[in-house]
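Enquirer: Below is the structure I would like to discuss, written out as structure tokens.
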Amino acid sequence: MPPSADASTVLRTYLEALRAGDCDAAAVLWTSSGNGDLCRFTHVRGYDIHPDPTTPRATEIEFATTLTTDGTEDGTVRPGDVTWFFVLDRQPDGAWRISGGGGGP
């Protein structure tokens with residue numbers, strides 16, 4: 001993924017990798033300190049990125065998504081449609097990378 005890719009392209013590429021079960025491709029789109037990656041924990045069968053992300057800072061953007069998953073073995077993510085938030089941070093080289101994710105209401 002080139003550093004010039006915008007945040008929504010990075011997120012969409014990650015979600016496509018999740019849907020394909022390609023955890024290696026998904027992993028390169030995360031920062032090393034990020035948590036909330038769903039790969040290896042559940043299968044994402046589909047997704048919808050909600051419009052109008054929030055931008056708390058110029059170097060951060062948060063997207064709400066609806067993910068259709070098979071759930072997790074421990075039950076922390078239920079099967080079906082779930083709201084999942086992804087935070088992306090601009091890296092020193094200008095690239096957007098996912099720095100965190102988590103469920104919501």
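We name chains A, B, ... following the order of the structure tokens; residues begin at 1 in each chain, and ligands are numbered from 1 as shown.
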Can you pull out every residue from chain A that DSSP, working from the backbone, puts in helix (DSSP H, G or I), and format the result as a list of chain:residue names?
Expert: A:Ala7, A:Ser8, A:Thr9, A:Val10, A:Leu11, A:Arg12, A:Thr13, A:Tyr14, A:Leu15, A:Glu16, A:Ala17, A:Leu18, A:Arg19, A:Ala20, A:Cys23, A:Asp24, A:Ala25, A:Ala26, A:Ala27
Enquirer: Those residues you just picked out, can you put them in a file as a tab-separated table (two decimals), in the first residue's frame with C-alpha atoms?
Expert:
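Contents of out-v5.tsv, freshly written:
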chain	number	residue	atom	x	y	z
A	7	ALA	CA	-7.32	6.48	5.11
A	8	SER	CA	-10.54	5.10	3.62
A	9	THR	CA	-8.56	3.15	0.99
A	10	VAL	CA	-6.35	1.65	3.71
A	11	LEU	CA	-9.41	0.62	5.73
A	12	ARG	CA	-11.20	-0.83	2.70
A	13	THR	CA	-8.07	-2.80	1.75
A	14	TYR	CA	-7.83	-4.17	5.29
A	15	LEU	CA	-11.52	-5.18	5.27
A	16	GLU	CA	-11.11	-6.91	1.91
A	17	ALA	CA	-8.13	-8.83	3.32
A	18	LEU	CA	-10.27	-9.82	6.32
A	19	ARG	CA	-13.06	-11.01	4.08
A	20	ALA	CA	-10.55	-13.05	2.05
A	23	CYS	CA	-4.16	-12.12	7.66
A	24	ASP	CA	-0.68	-11.43	6.27
A	25	ALA	CA	-2.06	-8.70	3.99
A	26	ALA	CA	-4.23	-7.35	6.81
A	27	ALA	CA	-1.32	-7.20	9.27
Enquirer: Show me, as JSON lines, the residues of stretch 23-68 of chain A having an atom within 8 Å of stretch 87-90 of chain A, each with the closest atom pair and its distance in Å, using only C-alpha atoms.
Expert:
{"residue": "A:Thr59", "atom": "CA", "partner": "A:Arg90", "partner_atom": "CA", "distance": 5.0}
{"residue": "A:Glu60", "atom": "CA", "partner": "A:Asp89", "partner_atom": "CA", "distance": 4.6}
{"residue": "A:Ile61", "atom": "CA", "partner": "A:Leu88", "partner_atom": "CA", "distance": 5.4}
{"residue": "A:Glu62", "atom": "CA", "partner": "A:Val87", "partner_atom": "CA", "distance": 4.4}
{"residue": "A:Phe63", "atom": "CA", "partner": "A:Val87", "partner_atom": "CA", "distance": 6.5}
Enquirer: Residues of stretch 69-88 of chain A that approach stretch 40-48 of chain A to 9 Å or less, counting only C-alpha atoms: could you list each one with the shortest pair of atoms and its distance in Å to one decimal, rows by chain and increasing residue number, as a Markdown table?
Expert:
| residue | atom | partner | partner_atom | distance |
| --- | --- | --- | --- | --- |
| A:Thr69 | CA | A:Val44 | CA | 4.4 |
| A:Asp70 | CA | A:His43 | CA | 5.5 |
| A:Gly71 | CA | A:Thr42 | CA | 5.7 |
| A:Thr72 | CA | A:Thr42 | CA | 5.3 |
| A:Glu73 | CA | A:Phe41 | CA | 7.5 |
| A:Val77 | CA | A:Thr42 | CA | 8.2 |
| A:Pro79 | CA | A:Thr42 | CA | 9.0 |
| A:Asp81 | CA | A:Tyr47 | CA | 8.7 |
Enquirer: Restrict the selected residues to C-alpha atoms and save them as a PDB file, in the first residue's frame.
Expert:
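Okay, selection-v7.pdb is ready:
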ATOM      1  CA  THR A  69     -19.005 -11.966  11.185  1.00  0.00           C
ATOM      2  CA  ASP A  70     -19.141 -15.598  12.236  1.00  0.00           C
ATOM      3  CA  GLY A  71     -18.471 -14.476  15.820  1.00  0.00           C
ATOM      4  CA  THR A  72     -15.529 -15.394  18.022  1.00  0.00           C
ATOM      5  CA  GLU A  73     -14.966 -18.584  19.942  1.00  0.00           C
ATOM      6  CA  VAL A  77     -17.836 -10.726  19.035  1.00  0.00           C
ATOM      7  CA  PRO A  79     -22.159 -13.697  14.999  1.00  0.00           C
ATOM      8  CA  ASP A  81     -23.911  -7.769  12.175  1.00  0.00           C
TER       9      ASP A  81
END
Enquirer: I need the residues of chain A that end up classed as strand (DSSP E) by DSSP on the backbone, written out as JSON, numbers by chain.
Expert: {"A": [30, 31, 32, 33, 34, 35, 44, 45, 46, 47, 48, 49, 54, 55, 56, 57, 60, 61, 62, 63, 64, 65, 66, 67, 68, 69, 80, 81, 82, 83, 84, 85, 86, 87, 88, 89, 90, 96, 97, 98, 99, 100, 101, 102, 103]}
Enquirer: Which of these, A:Ile49, A:Leu38, A:Leu29, A:Ala5, has the shortest distance to A:Gly102 once you count only C-alpha atoms?
Expert: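 The closest residue to A:Gly102 is A:Leu38.
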Enquirer: Please determine, counting only C-alpha atoms, which residue among A:Cys39, A:Ala58, A:Ala64, A:Val82 has the shortest atom-to-atom distance to A:Gly94.
Expert: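 Smallest separation from A:Gly94 among the options: A:Ala58.
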